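Novice: PDB, N, CA and C atoms, file model_17.pdb:
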ATOM      1  N   MET V   1      23.051 -46.993   5.547
ATOM      2  CA  MET V   1      22.047 -46.559   4.612
ATOM      3  C   MET V   1      20.656 -46.703   5.196
ATOM      4  N   ARG V   2      20.413 -47.725   5.928
ATOM      5  CA  ARG V   2      19.086 -47.920   6.508
ATOM      6  C   ARG V   2      18.761 -46.878   7.572
ATOM      7  N   LEU V   3      19.767 -46.431   8.295
ATOM      8  CA  LEU V   3      19.505 -45.452   9.347
ATOM      9  C   LEU V   3      18.974 -44.148   8.761
ATOM     10  N   THR V   4      19.562 -43.644   7.716
ATOM     11  CA  THR V   4      19.091 -42.389   7.140
ATOM     12  C   THR V   4      17.749 -42.568   6.445
ATOM     13  N   GLU V   5      17.525 -43.733   5.854
ATOM     14  CA  GLU V   5      16.267 -43.983   5.168
ATOM     15  C   GLU V   5      15.095 -44.038   6.147
ATOM     16  N   SER V   6      15.283 -44.679   7.282
ATOM     17  CA  SER V   6      14.201 -44.763   8.259
ATOM     18  C   SER V   6      13.945 -43.404   8.908
ATOM     19  N   ARG V   7      14.999 -42.628   9.090
ATOM     20  CA  ARG V   7      14.812 -41.313   9.677
ATOM     21  C   ARG V   7      14.038 -40.398   8.729
ATOM     22  N   ARG V   8      14.256 -40.527   7.446
ATOM     23  CA  ARG V   8      13.514 -39.720   6.481
ATOM     24  C   ARG V   8      12.038 -40.066   6.492
ATOM     25  N   ARG V   9      11.728 -41.312   6.666
ATOM     26  CA  ARG V   9      10.319 -41.713   6.727
ATOM     27  C   ARG V   9       9.637 -41.127   7.947
ATOM     28  N   GLU V  10      10.354 -41.091   9.071
ATOM     29  CA  GLU V  10       9.764 -40.568  10.309
ATOM     30  C   GLU V  10       9.511 -39.071  10.230
ATOM     31  N   THR V  11      10.435 -38.334   9.632
ATOM     32  CA  THR V  11      10.281 -36.882   9.579
ATOM     33  C   THR V  11       9.458 -36.419   8.396
ATOM     34  N   GLY V  12       9.188 -37.292   7.441
ATOM     35  CA  GLY V  12       8.371 -36.925   6.294
ATOM     36  C   GLY V  12       9.162 -36.298   5.169
ATOM     37  N   GLU V  13      10.491 -36.393   5.201
ATOM     38  CA  GLU V  13      11.314 -35.821   4.150
ATOM     39  C   GLU V  13      11.323 -36.730   2.933
ATOM     40  N   ARG V  14      11.472 -36.119   1.796
ATOM     41  CA  ARG V  14      11.621 -36.873   0.565
ATOM     42  C   ARG V  14      13.108 -37.103   0.319
ATOM     43  N   ALA V  15      13.398 -37.806  -0.743
ATOM     44  CA  ALA V  15      14.797 -38.082  -1.087
ATOM     45  C   ALA V  15      15.555 -36.808  -1.408
ATOM     46  N   SER V  16      14.879 -35.792  -1.910
ATOM     47  CA  SER V  16      15.550 -34.533  -2.246
ATOM     48  C   SER V  16      15.802 -33.670  -1.015
ATOM     49  N   GLY V  17      15.260 -34.031   0.121
ATOM     50  CA  GLY V  17      15.464 -33.265   1.348
ATOM     51  C   GLY V  17      14.438 -32.167   1.550
ATOM     52  N   VAL V  18      13.431 -32.088   0.707
ATOM     53  CA  VAL V  18      12.418 -31.050   0.807
ATOM     54  C   VAL V  18      11.216 -31.594   1.565
ATOM     55  N   ARG V  19      10.763 -30.837   2.536
ATOM     56  CA  ARG V  19       9.607 -31.219   3.334
ATOM     57  C   ARG V  19       8.350 -30.960   2.526
ATOM     58  N   PRO V  20       7.401 -31.906   2.486
ATOM     59  CA  PRO V  20       6.167 -31.659   1.747
ATOM     60  C   PRO V  20       5.354 -30.534   2.390
ATOM     61  N   THR V  21       4.786 -29.693   1.544
ATOM     62  CA  THR V  21       4.012 -28.559   2.037
ATOM     63  C   THR V  21       2.646 -29.034   2.491
ATOM     64  N   GLY V  22       2.281 -28.662   3.698
ATOM     65  CA  GLY V  22       1.005 -29.072   4.250
ATOM     66  C   GLY V  22      -0.091 -28.076   3.978
ATOM     67  N   ARG V  23      -1.268 -28.443   4.369
ATOM     68  CA  ARG V  23      -2.439 -27.604   4.153
ATOM     69  C   ARG V  23      -2.355 -26.322   4.964
ATOM     70  N   ARG V  24      -1.812 -26.408   6.169
ATOM     71  CA  ARG V  24      -1.720 -25.211   7.014
ATOM     72  C   ARG V  24      -0.776 -24.185   6.430
ATOM     73  N   ASP V  25       0.263 -24.642   5.720
ATOM     74  CA  ASP V  25       1.195 -23.696   5.104
ATOM     75  C   ASP V  25       0.489 -22.850   4.052
ATOM     76  N   THR V  26      -0.321 -23.493   3.222
ATOM     77  CA  THR V  26      -1.004 -22.738   2.177
ATOM     78  C   THR V  26      -2.096 -21.847   2.760
ATOM     79  N   GLU V  27      -2.744 -22.291   3.825
ATOM     80  CA  GLU V  27      -3.730 -21.433   4.482
ATOM     81  C   GLU V  27      -3.053 -20.196   5.060
ATOM     82  N   GLY V  28      -1.894 -20.391   5.652
ATOM     83  CA  GLY V  28      -1.148 -19.264   6.212
ATOM     84  C   GLY V  28      -0.703 -18.280   5.152
ATOM     85  N   MET V  29      -0.292 -18.798   4.005
ATOM     86  CA  MET V  29       0.107 -17.912   2.907
ATOM     87  C   MET V  29      -1.083 -17.099   2.399
ATOM     88  N   ALA V  30      -2.244 -17.729   2.302
ATOM     89  CA  ALA V  30      -3.440 -17.023   1.834
ATOM     90  C   ALA V  30      -3.832 -15.921   2.804
ATOM     91  N   VAL V  31      -3.827 -16.228   4.084
ATOM     92  CA  VAL V  31      -4.193 -15.228   5.095
ATOM     93  C   VAL V  31      -3.150 -14.115   5.150
ATOM     94  N   ALA V  32      -1.877 -14.476   5.064
ATOM     95  CA  ALA V  32      -0.816 -13.465   5.097
ATOM     96  C   ALA V  32      -0.905 -12.535   3.888
ATOM     97  N   SER V  33      -1.218 -13.077   2.719
ATOM     98  CA  SER V  33      -1.336 -12.217   1.539
ATOM     99  C   SER V  33      -2.502 -11.245   1.697
ATOM    100  N   PHE V  34      -3.604 -11.717   2.271
ATOM    101  CA  PHE V  34      -4.753 -10.841   2.509
ATOM    102  C   PHE V  34      -4.404  -9.722   3.487
ATOM    103  N   VAL V  35      -3.784 -10.079   4.597
ATOM    104  CA  VAL V  35      -3.451  -9.083   5.625
ATOM    105  C   VAL V  35      -2.417  -8.088   5.100
ATOM    106  N   LEU V  36      -1.376  -8.584   4.425
ATOM    107  CA  LEU V  36      -0.348  -7.682   3.911
ATOM    108  C   LEU V  36      -0.908  -6.764   2.827
ATOM    109  N   GLY V  37      -1.796  -7.289   1.997
ATOM    110  CA  GLY V  37      -2.418  -6.439   0.987
ATOM    111  C   GLY V  37      -3.295  -5.368   1.599
ATOM    112  N   LEU V  38      -3.998  -5.722   2.656
ATOM    113  CA  LEU V  38      -4.868  -4.759   3.338
ATOM    114  C   LEU V  38      -4.049  -3.675   4.038
ATOM    115  N   VAL V  39      -3.026  -4.073   4.750
ATOM    116  CA  VAL V  39      -2.160  -3.104   5.436
ATOM    117  C   VAL V  39      -1.398  -2.261   4.417
ATOM    118  N   GLY V  40      -1.042  -2.877   3.284
ATOM    119  CA  GLY V  40      -0.306  -2.165   2.258
ATOM    120  C   GLY V  40      -1.068  -1.014   1.637
ATOM    121  N   LEU V  41      -2.389  -1.016   1.747
ATOM    122  CA  LEU V  41      -3.148   0.131   1.240
ATOM    123  C   LEU V  41      -2.873   1.387   2.050
ATOM    124  N   LEU V  42      -2.456   1.215   3.296
ATOM    125  CA  LEU V  42      -2.216   2.365   4.177
ATOM    126  C   LEU V  42      -0.743   2.732   4.297
ATOM    127  N   VAL V  43       0.125   1.739   4.441
ATOM    128  CA  VAL V  43       1.550   2.003   4.641
ATOM    129  C   VAL V  43       2.387   1.031   3.823
ATOM    130  N   LEU V  44       3.552   1.477   3.412
ATOM    131  CA  LEU V  44       4.548   0.645   2.722
ATOM    132  C   LEU V  44       3.985  -0.120   1.528
ATOM    133  N   ASN V  45       3.146   0.537   0.754
ATOM    134  CA  ASN V  45       2.531  -0.171  -0.376
ATOM    135  C   ASN V  45       3.544  -0.591  -1.423
ATOM    136  N   PHE V  46       4.683   0.062  -1.525
ATOM    137  CA  PHE V  46       5.700  -0.338  -2.502
ATOM    138  C   PHE V  46       6.391  -1.631  -2.098
ATOM    139  N   PHE V  47       6.308  -2.016  -0.840
ATOM    140  CA  PHE V  47       6.918  -3.266  -0.363
ATOM    141  C   PHE V  47       5.870  -4.353  -0.103
ATOM    142  N   LEU V  48       4.804  -4.009   0.585
ATOM    143  CA  LEU V  48       3.803  -4.999   0.972
ATOM    144  C   LEU V  48       2.940  -5.481  -0.190
ATOM    145  N   GLY V  49       2.731  -4.644  -1.188
ATOM    146  CA  GLY V  49       1.934  -5.045  -2.349
ATOM    147  C   GLY V  49       2.540  -6.222  -3.103
ATOM    148  N   PRO V  50       3.808  -6.123  -3.527
ATOM    149  CA  PRO V  50       4.424  -7.255  -4.218
ATOM    150  C   PRO V  50       4.547  -8.511  -3.355
ATOM    151  N   VAL V  51       4.787  -8.349  -2.062
ATOM    152  CA  VAL V  51       4.868  -9.518  -1.176
ATOM    153  C   VAL V  51       3.506 -10.208  -1.097
ATOM    154  N   ALA V  52       2.434  -9.432  -1.027
ATOM    155  CA  ALA V  52       1.085 -10.003  -0.994
ATOM    156  C   ALA V  52       0.782 -10.746  -2.292
ATOM    157  N   ILE V  53       1.220 -10.196  -3.408
ATOM    158  CA  ILE V  53       0.989 -10.854  -4.697
ATOM    159  C   ILE V  53       1.727 -12.182  -4.767
ATOM    160  N   VAL V  54       2.976 -12.195  -4.350
ATOM    161  CA  VAL V  54       3.775 -13.427  -4.401
ATOM    162  C   VAL V  54       3.179 -14.494  -3.489
ATOM    163  N   LEU V  55       2.800 -14.128  -2.278
ATOM    164  CA  LEU V  55       2.201 -15.105  -1.361
ATOM    165  C   LEU V  55       0.872 -15.650  -1.889
ATOM    166  N   ALA V  56       0.071 -14.782  -2.480
ATOM    167  CA  ALA V  56      -1.218 -15.228  -3.017
ATOM    168  C   ALA V  56      -1.023 -16.199  -4.178
ATOM    169  N   VAL V  57      -0.090 -15.902  -5.064
ATOM    170  CA  VAL V  57       0.165 -16.785  -6.201
ATOM    171  C   VAL V  57       0.704 -18.131  -5.731
ATOM    172  N   MET V  58       1.595 -18.106  -4.748
ATOM    173  CA  MET V  58       2.130 -19.364  -4.216
ATOM    174  C   MET V  58       1.026 -20.199  -3.578
ATOM    175  N   ALA V  59       0.152 -19.554  -2.817
ATOM    176  CA  ALA V  59      -0.945 -20.276  -2.166
ATOM    177  C   ALA V  59      -1.913 -20.858  -3.189
ATOM    178  N   LEU V  60      -2.213 -20.098  -4.233
ATOM    179  CA  LEU V  60      -3.126 -20.587  -5.259
ATOM    180  C   LEU V  60      -2.522 -21.744  -6.054
ATOM    181  N   ARG V  61      -1.244 -21.662  -6.339
ATOM    182  CA  ARG V  61      -0.589 -22.747  -7.087
ATOM    183  C   ARG V  61      -0.493 -24.027  -6.273
ATOM    184  N   ARG V  62      -0.396 -23.900  -4.972
ATOM    185  CA  ARG V  62      -0.299 -25.083  -4.110
ATOM    186  C   ARG V  62      -1.659 -25.613  -3.695
ATOM    187  N   GLY V  63      -2.710 -24.991  -4.171
ATOM    188  CA  GLY V  63      -4.060 -25.499  -3.925
ATOM    189  C   GLY V  63      -4.584 -25.235  -2.527
ATOM    190  N   THR V  64      -4.575 -23.991  -2.128
ATOM    191  CA  THR V  64      -5.059 -23.637  -0.795
ATOM    192  C   THR V  64      -6.573 -23.841  -0.678
ATOM    193  N   PRO V  65      -7.040 -24.291   0.474
ATOM    194  CA  PRO V  65      -8.487 -24.369   0.672
ATOM    195  C   PRO V  65      -9.115 -22.990   0.874
ATOM    196  N   ARG V  66      -8.308 -21.981   1.176
ATOM    197  CA  ARG V  66      -8.798 -20.607   1.351
ATOM    198  C   ARG V  66      -8.573 -19.816   0.061
ATOM    199  N   ARG V  67      -9.124 -20.323  -1.006
ATOM    200  CA  ARG V  67      -8.918 -19.740  -2.330
ATOM    201  C   ARG V  67      -9.427 -18.296  -2.415
ATOM    202  N   PHE V  68     -10.600 -18.026  -1.847
ATOM    203  CA  PHE V  68     -11.159 -16.677  -1.910
ATOM    204  C   PHE V  68     -10.274 -15.677  -1.179
ATOM    205  N   ARG V  69      -9.732 -16.073  -0.043
ATOM    206  CA  ARG V  69      -8.865 -15.171   0.708
ATOM    207  C   ARG V  69      -7.570 -14.909  -0.045
ATOM    208  N   ALA V  70      -7.046 -15.938  -0.720
ATOM    209  CA  ALA V  70      -5.847 -15.743  -1.524
ATOM    210  C   ALA V  70      -6.126 -14.815  -2.702
ATOM    211  N   LEU V  71      -7.297 -14.959  -3.319
ATOM    212  CA  LEU V  71      -7.664 -14.061  -4.419
ATOM    213  C   LEU V  71      -7.836 -12.621  -3.930
ATOM    214  N   LEU V  72      -8.402 -12.455  -2.744
ATOM    215  CA  LEU V  72      -8.505 -11.112  -2.165
ATOM    216  C   LEU V  72      -7.117 -10.516  -1.911
ATOM    217  N   GLY V  73      -6.205 -11.341  -1.404
ATOM    218  CA  GLY V  73      -4.834 -10.883  -1.192
ATOM    219  C   GLY V  73      -4.162 -10.487  -2.494
ATOM    220  N   LEU V  74      -4.433 -11.253  -3.553
ATOM    221  CA  LEU V  74      -3.876 -10.931  -4.869
ATOM    222  C   LEU V  74      -4.409  -9.589  -5.366
ATOM    223  N   TRP V  75      -5.720  -9.396  -5.279
ATOM    224  CA  TRP V  75      -6.319  -8.139  -5.740
ATOM    225  C   TRP V  75      -5.898  -6.951  -4.876
ATOM    226  N   LEU V  76      -5.766  -7.166  -3.573
ATOM    227  CA  LEU V  76      -5.299  -6.075  -2.713
ATOM    228  C   LEU V  76      -3.844  -5.724  -2.998
ATOM    229  N   GLY V  77      -3.028  -6.723  -3.297
ATOM    230  CA  GLY V  77      -1.637  -6.452  -3.669
ATOM    231  C   GLY V  77      -1.550  -5.649  -4.957
ATOM    232  N   ILE V  78      -2.400  -5.996  -5.921
ATOM    233  CA  ILE V  78      -2.442  -5.226  -7.166
ATOM    234  C   ILE V  78      -2.942  -3.805  -6.890
ATOM    235  N   ALA V  79      -3.930  -3.683  -6.012
ATOM    236  CA  ALA V  79      -4.443  -2.357  -5.646
ATOM    237  C   ALA V  79      -3.367  -1.521  -4.953
ATOM    238  N   ASP V  80      -2.509  -2.154  -4.165
ATOM    239  CA  ASP V  80      -1.404  -1.433  -3.528
ATOM    240  C   ASP V  80      -0.497  -0.794  -4.570
ATOM    241  N   ILE V  81      -0.189  -1.549  -5.613
ATOM    242  CA  ILE V  81       0.691  -1.030  -6.659
ATOM    243  C   ILE V  81      -0.002   0.077  -7.448
ATOM    244  N   VAL V  82      -1.301  -0.079  -7.690
ATOM    245  CA  VAL V  82      -2.051   0.962  -8.403
ATOM    246  C   VAL V  82      -2.101   2.234  -7.568
ATOM    247  N   VAL V  83      -2.348   2.105  -6.266
ATOM    248  CA  VAL V  83      -2.370   3.276  -5.377
ATOM    249  C   VAL V  83      -1.007   3.959  -5.380
ATOM    250  N   LEU V  84       0.051   3.181  -5.350
ATOM    251  CA  LEU V  84       1.398   3.752  -5.394
ATOM    252  C   LEU V  84       1.616   4.521  -6.698
ATOM    253  N   ALA V  85       1.204   3.951  -7.820
ATOM    254  CA  ALA V  85       1.383   4.614  -9.111
ATOM    255  C   ALA V  85       0.581   5.915  -9.182
ATOM    256  N   VAL V  86      -0.650   5.883  -8.670
ATOM    257  CA  VAL V  86      -1.477   7.094  -8.676
ATOM    258  C   VAL V  86      -0.870   8.164  -7.778
ATOM    259  N   LEU V  87      -0.411   7.781  -6.604
ATOM    260  CA  LEU V  87       0.205   8.756  -5.688
ATOM    261  C   LEU V  87       1.473   9.353  -6.271
ATOM    262  N   MET V  88       2.245   8.534  -6.963
ATOM    263  CA  MET V  88       3.466   9.058  -7.578
ATOM    264  C   MET V  88       3.142  10.014  -8.717
ATOM    265  N   ALA V  89       2.057   9.738  -9.443
ATOM    266  CA  ALA V  89       1.674  10.627 -10.541
ATOM    267  C   ALA V  89       1.093  11.947 -10.030
ATOM    268  N   VAL V  90       0.307  11.882  -8.968
ATOM    269  CA  VAL V  90      -0.362  13.082  -8.455
ATOM    270  C   VAL V  90       0.583  13.928  -7.602
ATOM    271  N   ASN V  91       1.260  13.293  -6.654
ATOM    272  CA  ASN V  91       2.082  14.042  -5.706
ATOM    273  C   ASN V  91       3.543  14.145  -6.109
ATOM    274  N   GLY V  92       3.988  13.332  -7.016
ATOM    275  CA  GLY V  92       5.398  13.345  -7.385
ATOM    276  C   GLY V  92       6.269  12.619  -6.375
ATOM    277  N   GLY V  93       5.669  11.858  -5.482
ATOM    278  CA  GLY V  93       6.415  11.108  -4.474
ATOM    279  C   GLY V  93       5.644   9.893  -4.030
ATOM    280  N   THR V  94       6.239   9.120  -3.119
ATOM    281  CA  THR V  94       5.585   7.896  -2.666
ATOM    282  C   THR V  94       4.856   8.057  -1.345
ATOM    283  N   SER V  95       5.022   9.185  -0.661
ATOM    284  CA  SER V  95       4.378   9.355   0.646
ATOM    285  C   SER V  95       3.084  10.142   0.498
ATOM    286  N   TRP V  96       2.170   9.896   1.404
ATOM    287  CA  TRP V  96       0.917  10.616   1.408
ATOM    288  C   TRP V  96       0.412  10.722   2.834
ATOM    289  N   SER V  97      -0.521  11.623   3.055
ATOM    290  CA  SER V  97      -1.066  11.859   4.374
ATOM    291  C   SER V  97      -2.584  11.970   4.287
ATOM    292  N   VAL V  98      -3.255  11.453   5.294
ATOM    293  CA  VAL V  98      -4.708  11.529   5.345
ATOM    294  C   VAL V  98      -5.143  12.975   5.575
ATOM    295  N   LEU V  99      -4.335  13.726   6.294
ATOM    296  CA  LEU V  99      -4.702  15.091   6.668
ATOM    297  C   LEU V  99      -4.531  16.079   5.520
ATOM    298  N   GLY V 100      -3.857  15.694   4.460
ATOM    299  CA  GLY V 100      -3.723  16.589   3.301
ATOM    300  C   GLY V 100      -2.441  17.211   3.249
TER
END
Would you give me this structure, written as structure tokens?
Specialist:
Amino acid sequence: MRLTESRRRETGERASGVRPTGRRDTEGMAVASFVLGLVGLLVLNFFLGPVAIVLAVMALRRGTPRRFRALLGLWLGIADIVVLAVLMAVNGGTSWSVLG
């Protein structure tokens, strides 16, 4: 029993086996949500928009120090879904082209 208990202390694991989330994890989620939301405005908005929203919400709930970037990722993810809805209403499909 002592061997497993001391090993958990060294690795930082809790009794449930879940590793505590660090500050860098939440910063990465905030930045990833921003980047995915930004890229989602151009391509794959039906996939990247919801992923950006989920990452932004997770980062905000875990108390990220990059709160503004997470909020930008959240708004860009929502904008991705709005762009998708508008394109589907106007063109009748999910694809679009800059050239017309």
Novice: Suppose you want the space between CA of Gly28 (chain V) and atom C of Val57 (chain V); what is it in Å?
Specialist: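 Atom-to-atom, CA of Gly28 (chain V) to atom C of Val57 (chain V), that is 12.1 Å.
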Novice: Do you have the CA of Phe68 (chain V)-atom C of Ala52 (chain V) distance handy?
Specialist: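 Rounded to one decimal, the two atoms are 13.3 Å apart.
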Novice: Exactly which residues make up the result of the PyMOL selection byres (((chain V and resi 64 and name CA) around 12) and name CA) on this file, given as a PDB file with N, CA and C atoms, in the coordinates of the input?
Specialist:
ATOM      1  N   THR V  21       4.786 -29.693   1.544  1.00  0.00           N
ATOM      2  CA  THR V  21       4.012 -28.559   2.037  1.00  0.00           C
ATOM      3  C   THR V  21       2.646 -29.034   2.491  1.00  0.00           C
ATOM      4  N   GLY V  22       2.281 -28.662   3.698  1.00  0.00           N
ATOM      5  CA  GLY V  22       1.005 -29.072   4.250  1.00  0.00           C
ATOM      6  C   GLY V  22      -0.091 -28.076   3.978  1.00  0.00           C
ATOM      7  N   ARG V  23      -1.268 -28.443   4.369  1.00  0.00           N
ATOM      8  CA  ARG V  23      -2.439 -27.604   4.153  1.00  0.00           C
ATOM      9  C   ARG V  23      -2.355 -26.322   4.964  1.00  0.00           C
ATOM     10  N   ARG V  24      -1.812 -26.408   6.169  1.00  0.00           N
ATOM     11  CA  ARG V  24      -1.720 -25.211   7.014  1.00  0.00           C
ATOM     12  C   ARG V  24      -0.776 -24.185   6.430  1.00  0.00           C
ATOM     13  N   ASP V  25       0.263 -24.642   5.720  1.00  0.00           N
ATOM     14  CA  ASP V  25       1.195 -23.696   5.104  1.00  0.00           C
ATOM     15  C   ASP V  25       0.489 -22.850   4.052  1.00  0.00           C
ATOM     16  N   THR V  26      -0.321 -23.493   3.222  1.00  0.00           N
ATOM     17  CA  THR V  26      -1.004 -22.738   2.177  1.00  0.00           C
ATOM     18  C   THR V  26      -2.096 -21.847   2.760  1.00  0.00           C
ATOM     19  N   GLU V  27      -2.744 -22.291   3.825  1.00  0.00           N
ATOM     20  CA  GLU V  27      -3.730 -21.433   4.482  1.00  0.00           C
ATOM     21  C   GLU V  27      -3.053 -20.196   5.060  1.00  0.00           C
ATOM     22  N   GLY V  28      -1.894 -20.391   5.652  1.00  0.00           N
ATOM     23  CA  GLY V  28      -1.148 -19.264   6.212  1.00  0.00           C
ATOM     24  C   GLY V  28      -0.703 -18.280   5.152  1.00  0.00           C
ATOM     25  N   MET V  29      -0.292 -18.798   4.005  1.00  0.00           N
ATOM     26  CA  MET V  29       0.107 -17.912   2.907  1.00  0.00           C
ATOM     27  C   MET V  29      -1.083 -17.099   2.399  1.00  0.00           C
ATOM     28  N   ALA V  30      -2.244 -17.729   2.302  1.00  0.00           N
ATOM     29  CA  ALA V  30      -3.440 -17.023   1.834  1.00  0.00           C
ATOM     30  C   ALA V  30      -3.832 -15.921   2.804  1.00  0.00           C
ATOM     31  N   VAL V  31      -3.827 -16.228   4.084  1.00  0.00           N
ATOM     32  CA  VAL V  31      -4.193 -15.228   5.095  1.00  0.00           C
ATOM     33  C   VAL V  31      -3.150 -14.115   5.150  1.00  0.00           C
ATOM     34  N   LEU V  55       2.800 -14.128  -2.278  1.00  0.00           N
ATOM     35  CA  LEU V  55       2.201 -15.105  -1.361  1.00  0.00           C
ATOM     36  C   LEU V  55       0.872 -15.650  -1.889  1.00  0.00           C
ATOM     37  N   ALA V  56       0.071 -14.782  -2.480  1.00  0.00           N
ATOM     38  CA  ALA V  56      -1.218 -15.228  -3.017  1.00  0.00           C
ATOM     39  C   ALA V  56      -1.023 -16.199  -4.178  1.00  0.00           C
ATOM     40  N   VAL V  57      -0.090 -15.902  -5.064  1.00  0.00           N
ATOM     41  CA  VAL V  57       0.165 -16.785  -6.201  1.00  0.00           C
ATOM     42  C   VAL V  57       0.704 -18.131  -5.731  1.00  0.00           C
ATOM     43  N   MET V  58       1.595 -18.106  -4.748  1.00  0.00           N
ATOM     44  CA  MET V  58       2.130 -19.364  -4.216  1.00  0.00           C
ATOM     45  C   MET V  58       1.026 -20.199  -3.578  1.00  0.00           C
ATOM     46  N   ALA V  59       0.152 -19.554  -2.817  1.00  0.00           N
ATOM     47  CA  ALA V  59      -0.945 -20.276  -2.166  1.00  0.00           C
ATOM     48  C   ALA V  59      -1.913 -20.858  -3.189  1.00  0.00           C
ATOM     49  N   LEU V  60      -2.213 -20.098  -4.233  1.00  0.00           N
ATOM     50  CA  LEU V  60      -3.126 -20.587  -5.259  1.00  0.00           C
ATOM     51  C   LEU V  60      -2.522 -21.744  -6.054  1.00  0.00           C
ATOM     52  N   ARG V  61      -1.244 -21.662  -6.339  1.00  0.00           N
ATOM     53  CA  ARG V  61      -0.589 -22.747  -7.087  1.00  0.00           C
ATOM     54  C   ARG V  61      -0.493 -24.027  -6.273  1.00  0.00           C
ATOM     55  N   ARG V  62      -0.396 -23.900  -4.972  1.00  0.00           N
ATOM     56  CA  ARG V  62      -0.299 -25.083  -4.110  1.00  0.00           C
ATOM     57  C   ARG V  62      -1.659 -25.613  -3.695  1.00  0.00           C
ATOM     58  N   GLY V  63      -2.710 -24.991  -4.171  1.00  0.00           N
ATOM     59  CA  GLY V  63      -4.060 -25.499  -3.925  1.00  0.00           C
ATOM     60  C   GLY V  63      -4.584 -25.235  -2.527  1.00  0.00           C
ATOM     61  N   PRO V  65      -7.040 -24.291   0.474  1.00  0.00           N
ATOM     62  CA  PRO V  65      -8.487 -24.369   0.672  1.00  0.00           C
ATOM     63  C   PRO V  65      -9.115 -22.990   0.874  1.00  0.00           C
ATOM     64  N   ARG V  66      -8.308 -21.981   1.176  1.00  0.00           N
ATOM     65  CA  ARG V  66      -8.798 -20.607   1.351  1.00  0.00           C
ATOM     66  C   ARG V  66      -8.573 -19.816   0.061  1.00  0.00           C
ATOM     67  N   ARG V  67      -9.124 -20.323  -1.006  1.00  0.00           N
ATOM     68  CA  ARG V  67      -8.918 -19.740  -2.330  1.00  0.00           C
ATOM     69  C   ARG V  67      -9.427 -18.296  -2.415  1.00  0.00           C
ATOM     70  N   PHE V  68     -10.600 -18.026  -1.847  1.00  0.00           N
ATOM     71  CA  PHE V  68     -11.159 -16.677  -1.910  1.00  0.00           C
ATOM     72  C   PHE V  68     -10.274 -15.677  -1.179  1.00  0.00           C
ATOM     73  N   ARG V  69      -9.732 -16.073  -0.043  1.00  0.00           N
ATOM     74  CA  ARG V  69      -8.865 -15.171   0.708  1.00  0.00           C
ATOM     75  C   ARG V  69      -7.570 -14.909  -0.045  1.00  0.00           C
ATOM     76  N   ALA V  70      -7.046 -15.938  -0.720  1.00  0.00           N
ATOM     77  CA  ALA V  70      -5.847 -15.743  -1.524  1.00  0.00           C
ATOM     78  C   ALA V  70      -6.126 -14.815  -2.702  1.00  0.00           C
ATOM     79  N   LEU V  71      -7.297 -14.959  -3.319  1.00  0.00           N
ATOM     80  CA  LEU V  71      -7.664 -14.061  -4.419  1.00  0.00           C
ATOM     81  C   LEU V  71      -7.836 -12.621  -3.930  1.00  0.00           C
TER      82      LEU V  71
END
Novice: What does the structure give for the distance between CA of Ala89 (chain V) and CA of Leu74 (chain V), in Å to one decimal?
Specialist: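 Interatomic distance here is 23.0 Å.
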Novice: Please put the answer as JSON: centre and edge lengths, in Å with one decimal, of a box along x, y and z that encloses all listed atoms of region 52-61 of chain V plus 3 Å on each side.
Specialist:
{"center_x": 0.3, "center_y": -16.7, "center_z": -4.0, "size_x": 12.9, "size_y": 20.6, "size_z": 12.1}
Novice: I'd like to know which of V:Gly40, V:Leu84, V:Gly73, V:Val35 is closest to Ile53 (chain V), using all atoms listed in the file.
Specialist: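 When distances to Ile53 (chain V) are compared using all atoms listed in the file, the smallest one comes from V:Gly73.
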Novice: Could you name the residues that touch Ile81 (chain V) at 6.5 Å or less, counting all atoms listed in the file, but leaving out those on the same chain fewer than 3 positions away, as a ChimeraX atom specification?
Specialist: /V:45,49-50,76-78,84-86
Novice: Select, from V:Phe34, V:Leu44, V:Leu87, V:Val39, the residue with the minimum atom-to-atom distance to Leu72 (chain V), counting all atoms listed in the file.
Specialist: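 Ranked by minimum distance to Leu72 (chain V), first place goes to V:Phe34.
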Novice: Mind listing the helix (DSSP H, G or I) residues of region 12-86 of chain V, per DSSP on the backbone, as number ranges by chain?
Specialist: V: 23-40, 45-61, 67-86
